[in-house]
>>> print(open('protein23.cif').read())   # mmCIF, C-alpha atoms and all ligand atoms
data_input
loop_
_atom_site.group_PDB
_atom_site.id
_atom_site.type_symbol
_atom_site.label_atom_id
_atom_site.label_comp_id
_atom_site.auth_asym_id
_atom_site.auth_seq_id
_atom_site.Cartn_x
_atom_site.Cartn_y
_atom_site.Cartn_z
ATOM 1 C CA MET A 1 -54.809 6.758 -113.204
ATOM 2 C CA HIS A 2 -56.215 3.665 -114.873
ATOM 3 C CA GLU A 3 -58.215 2.454 -111.841
ATOM 4 C CA MET A 4 -59.787 5.870 -111.368
ATOM 5 C CA SER A 5 -61.371 5.874 -114.806
ATOM 6 C CA ILE A 6 -62.592 2.313 -114.219
ATOM 7 C CA ALA A 7 -64.046 3.347 -110.845
ATOM 8 C CA LEU A 8 -65.856 6.260 -112.482
ATOM 9 C CA SER A 9 -67.351 4.064 -115.160
ATOM 10 C CA ILE A 10 -68.523 1.554 -112.529
ATOM 11 C CA VAL A 11 -70.220 4.338 -110.559
ATOM 12 C CA GLU A 12 -71.846 5.612 -113.733
ATOM 13 C CA ALA A 13 -73.092 2.154 -114.720
ATOM 14 C CA VAL A 14 -74.479 1.199 -111.303
ATOM 15 C CA GLU A 15 -76.125 4.581 -110.785
ATOM 16 C CA ALA A 16 -77.864 4.329 -114.148
ATOM 17 C CA LYS A 17 -79.082 0.860 -113.215
ATOM 18 C CA ALA A 18 -80.239 1.949 -109.745
ATOM 19 C CA ARG A 19 -82.173 4.888 -111.181
ATOM 20 C CA GLU A 20 -83.790 2.609 -113.705
ATOM 21 C CA GLU A 21 -84.996 0.458 -110.803
ATOM 22 C CA GLY A 22 -86.092 3.508 -108.814
ATOM 23 C CA ALA A 23 -83.663 2.717 -105.999
ATOM 24 C CA GLY A 24 -82.750 5.153 -103.256
ATOM 25 C CA SER A 25 -79.225 3.863 -102.851
ATOM 26 C CA ILE A 26 -76.852 1.058 -103.691
ATOM 27 C CA SER A 27 -75.614 -1.034 -100.788
ATOM 28 C CA GLY A 28 -73.425 -3.538 -102.569
ATOM 29 C CA ILE A 29 -71.617 -4.158 -105.835
ATOM 30 C CA ASP A 30 -70.150 -7.507 -106.854
ATOM 31 C CA LEU A 31 -67.338 -7.328 -109.346
ATOM 32 C CA VAL A 32 -65.402 -9.997 -111.157
ATOM 33 C CA ILE A 33 -61.840 -8.969 -111.931
ATOM 34 C CA GLY A 34 -59.665 -11.673 -113.446
ATOM 35 C CA LYS A 35 -56.067 -11.819 -112.252
ATOM 36 C CA LEU A 36 -54.943 -11.025 -115.785
ATOM 37 C CA ALA A 37 -57.313 -8.112 -116.268
ATOM 38 C CA GLY A 38 -54.606 -5.630 -115.368
ATOM 39 C CA ILE A 39 -56.701 -4.037 -112.653
ATOM 40 C CA GLU A 40 -55.460 -3.791 -109.090
ATOM 41 C CA PRO A 41 -58.481 -4.514 -106.811
ATOM 42 C CA GLN A 42 -57.086 -2.633 -103.786
ATOM 43 C CA SER A 43 -56.389 0.408 -105.872
ATOM 44 C CA LEU A 44 -59.794 0.140 -107.522
ATOM 45 C CA LYS A 45 -61.539 0.019 -104.127
ATOM 46 C CA PHE A 46 -59.664 3.090 -103.051
ATOM 47 C CA CYS A 47 -60.583 4.966 -106.223
ATOM 48 C CA PHE A 48 -64.142 3.747 -105.980
ATOM 49 C CA SER A 49 -64.740 5.355 -102.605
ATOM 50 C CA ALA A 50 -63.594 8.676 -104.054
ATOM 51 C CA ALA A 51 -65.551 8.245 -107.276
ATOM 52 C CA ALA A 52 -68.748 7.281 -105.451
ATOM 53 C CA LYS A 53 -68.835 10.333 -103.157
ATOM 54 C CA GLY A 54 -72.164 12.087 -103.421
ATOM 55 C CA THR A 55 -73.688 9.396 -105.648
ATOM 56 C CA LEU A 56 -76.201 6.631 -104.970
ATOM 57 C CA ALA A 57 -73.245 4.278 -104.627
ATOM 58 C CA GLU A 58 -71.583 6.229 -101.845
ATOM 59 C CA GLU A 59 -72.323 3.589 -99.184
ATOM 60 C CA ALA A 60 -71.902 0.605 -101.459
ATOM 61 C CA LEU A 61 -69.693 -2.236 -100.340
ATOM 62 C CA LEU A 62 -67.465 -3.478 -103.106
ATOM 63 C CA GLN A 63 -66.952 -7.237 -103.294
ATOM 64 C CA VAL A 64 -64.350 -8.456 -105.722
ATOM 65 C CA GLU A 65 -64.016 -11.966 -107.015
ATOM 66 C CA GLU A 66 -60.675 -12.680 -108.673
ATOM 67 C CA PRO A 67 -60.649 -15.710 -110.931
ATOM 68 C CA GLU A 68 -57.214 -17.193 -111.627
ATOM 69 C CA GLY A 69 -55.724 -16.966 -115.075
ATOM 70 C CA MET A 70 -55.882 -20.142 -117.145
ATOM 71 C CA GLY A 71 -54.049 -20.850 -120.362
ATOM 72 C CA GLU A 72 -54.395 -23.544 -122.966
ATOM 73 C CA CYS A 73 -51.395 -24.776 -124.887
ATOM 74 C CA GLY A 74 -51.762 -24.462 -128.660
ATOM 75 C CA GLU A 75 -49.409 -27.426 -129.221
ATOM 76 C CA CYS A 76 -50.404 -30.121 -126.752
ATOM 77 C CA GLY A 77 -53.746 -28.800 -125.479
ATOM 78 C CA ARG A 78 -52.769 -28.786 -121.826
ATOM 79 C CA MET A 79 -54.664 -26.388 -119.557
ATOM 80 C CA PHE A 80 -52.684 -24.786 -116.778
ATOM 81 C CA PRO A 81 -52.804 -21.766 -114.470
ATOM 82 C CA VAL A 82 -50.978 -18.686 -115.693
ATOM 83 C CA SER A 83 -50.063 -15.516 -113.905
ATOM 84 C CA PHE A 84 -48.623 -13.648 -116.876
ATOM 85 C CA TYR A 85 -49.655 -13.097 -120.446
ATOM 86 C CA TYR A 86 -46.494 -14.588 -121.875
ATOM 87 C CA ALA A 87 -46.858 -18.008 -120.390
ATOM 88 C CA GLU A 88 -44.983 -21.133 -121.354
ATOM 89 C CA CYS A 89 -46.560 -24.578 -121.457
ATOM 90 C CA PRO A 90 -45.223 -26.617 -118.506
ATOM 91 C CA ASP A 91 -45.275 -29.789 -120.638
ATOM 92 C CA CYS A 92 -43.927 -28.963 -124.072
ATOM 93 C CA ARG A 93 -42.478 -25.482 -123.442
ATOM 94 C CA SER A 94 -44.511 -24.043 -126.255
ATOM 95 C CA LEU A 95 -45.220 -20.328 -126.136
ATOM 96 C CA ARG A 96 -48.348 -20.724 -128.220
ATOM 97 C CA VAL A 97 -50.562 -20.336 -125.194
ATOM 98 C CA LYS A 98 -54.083 -19.074 -125.463
ATOM 99 C CA ILE A 99 -55.485 -17.287 -122.412
ATOM 100 C CA VAL A 100 -58.858 -18.874 -121.680
ATOM 101 C CA SER A 101 -59.773 -17.110 -118.457
ATOM 102 C CA GLY A 102 -58.554 -14.490 -116.024
ATOM 103 C CA GLU A 103 -59.148 -11.468 -118.259
ATOM 104 C CA GLU A 104 -62.728 -10.984 -117.113
ATOM 105 C CA PHE A 105 -63.900 -7.669 -115.842
ATOM 106 C CA LEU A 106 -67.569 -7.269 -115.173
ATOM 107 C CA ILE A 107 -70.166 -6.054 -112.744
ATOM 108 C CA GLN A 108 -71.757 -9.282 -111.592
ATOM 109 C CA SER A 109 -74.608 -7.797 -109.590
ATOM 110 C CA ILE A 110 -75.636 -4.859 -107.504
ATOM 111 C CA THR A 111 -77.716 -4.678 -104.342
ATOM 112 C CA ILE A 112 -80.078 -1.759 -104.184
ATOM 113 C CA GLU A 113 -82.150 -0.262 -101.402
ATOM 114 C CA GLU A 114 -85.553 1.365 -101.730
HETATM 115 ZN ZN ZN A 201 -47.904 -27.774 -124.465
#
>>> encode(input="protein23.cif", output="structure tokens")
Amino acid sequence: MHEMSIALSIVEAVEAKAREEGAGSISGIDLVIGKLAGIEPQSLKFCFSAAAKGTLAEEALLQVEEPEGMGECGECGRMFPVSFYYAECPDCRSLRVKIVSGEEFLIQSITIEE
């Protein structure tokens, strides 16, 4: 399962960071998952609670921010929201659309406890 391997790598990353800071536990993790990132936040949260068992992140609360996808038309330059990769420009119907946001996936911050 795709989300499970992502959950495991998040746990690994935040634990490494928490140890570096000498933290006793992690109480919160803020993630940014763009709507086009191909990651299902609900499924990720579910996998995360399994992946975090017995780690410093076991009690961590996962907060997910989901920026909308935005595309830019390669013909007329219009910016518009997109929900799929193969978007069409609403103005000129061009398919030369460049995805400018919505593919983000990152750990924004973590909250650690002593
Ligand atoms: Zn266009």
>>> residues_around(input="protein23.cif", residues="Val97 (chain A)", least_positions_apart="4", cutoff="10 Å", atoms="only C-alpha atoms", output="tab-separated table (two decimals) with C-alpha atoms, in the coordinates of the input")
chain	number	residue	atom	x	y	z
A	70	MET	CA	-55.88	-20.14	-117.14
A	71	GLY	CA	-54.05	-20.85	-120.36
A	72	GLU	CA	-54.40	-23.54	-122.97
A	73	CYS	CA	-51.40	-24.78	-124.89
A	74	GLY	CA	-51.76	-24.46	-128.66
A	75	GLU	CA	-49.41	-27.43	-129.22
A	76	CYS	CA	-50.40	-30.12	-126.75
A	77	GLY	CA	-53.75	-28.80	-125.48
A	78	ARG	CA	-52.77	-28.79	-121.83
A	79	MET	CA	-54.66	-26.39	-119.56
A	80	PHE	CA	-52.68	-24.79	-116.78
A	82	VAL	CA	-50.98	-18.69	-115.69
A	85	TYR	CA	-49.66	-13.10	-120.45
A	86	TYR	CA	-46.49	-14.59	-121.88
A	87	ALA	CA	-46.86	-18.01	-120.39
A	88	GLU	CA	-44.98	-21.13	-121.35
A	89	CYS	CA	-46.56	-24.58	-121.46
A	93	ARG	CA	-42.48	-25.48	-123.44
>>> atom_distance(input="protein23.cif", atom1="CA of Ile33 (chain A)", atom2="CA of Glu66 (chain A)")
5.1 Å
>>> resolve_selection(input="protein23.cif", expression="the PyMOL selection byres (((chain A and resi 3) around 7) and not hetatm)", output="list in words")
Met1, His2, Met4, Ser5, Ile6, Ala7, Ile39, Ser43, Leu44 and Cys47 of chain A
>>> resolve_selection(input="protein23.cif", expression="the PyMOL selection byres (((chain A and resi 58) around 12) and not hetatm)", output="PDB file with C-alpha atoms, keeping the file's coordinate frame")
ATOM      1  CA  VAL A  11     -70.220   4.338-110.559  1.00  0.00           C
ATOM      2  CA  GLU A  12     -71.846   5.612-113.733  1.00  0.00           C
ATOM      3  CA  VAL A  14     -74.479   1.199-111.303  1.00  0.00           C
ATOM      4  CA  GLU A  15     -76.125   4.581-110.785  1.00  0.00           C
ATOM      5  CA  GLY A  24     -82.750   5.153-103.256  1.00  0.00           C
ATOM      6  CA  SER A  25     -79.225   3.863-102.851  1.00  0.00           C
ATOM      7  CA  ILE A  26     -76.852   1.058-103.691  1.00  0.00           C
ATOM      8  CA  SER A  27     -75.614  -1.034-100.788  1.00  0.00           C
ATOM      9  CA  GLY A  28     -73.425  -3.538-102.569  1.00  0.00           C
ATOM     10  CA  ILE A  29     -71.617  -4.158-105.835  1.00  0.00           C
ATOM     11  CA  CYS A  47     -60.583   4.966-106.223  1.00  0.00           C
ATOM     12  CA  PHE A  48     -64.142   3.747-105.980  1.00  0.00           C
ATOM     13  CA  SER A  49     -64.740   5.355-102.605  1.00  0.00           C
ATOM     14  CA  ALA A  50     -63.594   8.676-104.054  1.00  0.00           C
ATOM     15  CA  ALA A  51     -65.551   8.245-107.276  1.00  0.00           C
ATOM     16  CA  ALA A  52     -68.748   7.281-105.451  1.00  0.00           C
ATOM     17  CA  LYS A  53     -68.835  10.333-103.157  1.00  0.00           C
ATOM     18  CA  GLY A  54     -72.164  12.087-103.421  1.00  0.00           C
ATOM     19  CA  THR A  55     -73.688   9.396-105.648  1.00  0.00           C
ATOM     20  CA  LEU A  56     -76.201   6.631-104.970  1.00  0.00           C
ATOM     21  CA  ALA A  57     -73.245   4.278-104.627  1.00  0.00           C
ATOM     22  CA  GLU A  59     -72.323   3.589 -99.184  1.00  0.00           C
ATOM     23  CA  ALA A  60     -71.902   0.605-101.459  1.00  0.00           C
ATOM     24  CA  LEU A  61     -69.693  -2.236-100.340  1.00  0.00           C
ATOM     25  CA  LEU A  62     -67.465  -3.478-103.106  1.00  0.00           C
ATOM     26  CA  ILE A 112     -80.078  -1.759-104.184  1.00  0.00           C
TER      27      ILE A 112
END
>>> resolve_selection(input="protein23.cif", expression="the PyMOL selection byres (((chain A and resi 99-110) around 6) and not hetatm)", output="MDAnalysis selection string")
chainID A and resid 28:37 67:71 98 111
>>> write_last_selection(input="protein23.cif", atoms="C-alpha atoms", output="compact mmCIF listing (two decimals), in the frame of the given file")
# COMPACT_ATOMS: atom_id res chain seq x y z
CA GLY A 28 -73.42 -3.54 -102.57
CA ILE A 29 -71.62 -4.16 -105.84
CA ASP A 30 -70.15 -7.51 -106.85
CA LEU A 31 -67.34 -7.33 -109.35
CA VAL A 32 -65.40 -10.00 -111.16
CA ILE A 33 -61.84 -8.97 -111.93
CA GLY A 34 -59.66 -11.67 -113.45
CA LYS A 35 -56.07 -11.82 -112.25
CA LEU A 36 -54.94 -11.02 -115.78
CA ALA A 37 -57.31 -8.11 -116.27
CA PRO A 67 -60.65 -15.71 -110.93
CA GLU A 68 -57.21 -17.19 -111.63
CA GLY A 69 -55.72 -16.97 -115.08
CA MET A 70 -55.88 -20.14 -117.14
CA GLY A 71 -54.05 -20.85 -120.36
CA LYS A 98 -54.08 -19.07 -125.46
CA THR A 111 -77.72 -4.68 -104.34
>>> atom_distance(input="protein23.cif", atom1="CA of Leu8 (chain A)", atom2="CA of Glu113 (chain A)")
20.8 Å
>>> atom_distance(input="protein23.cif", atom1="CA of Gly38 (chain A)", atom2="CA of Ser83 (chain A)")
11.0 Å
>>> closest_residue(input="protein23.cif", among="A:Gln42, A:Arg19, A:Pro81, A:Cys92", to="ligand ZN 201 (chain A)", atoms="only C-alpha atoms and all ligand atoms")
A:Cys92
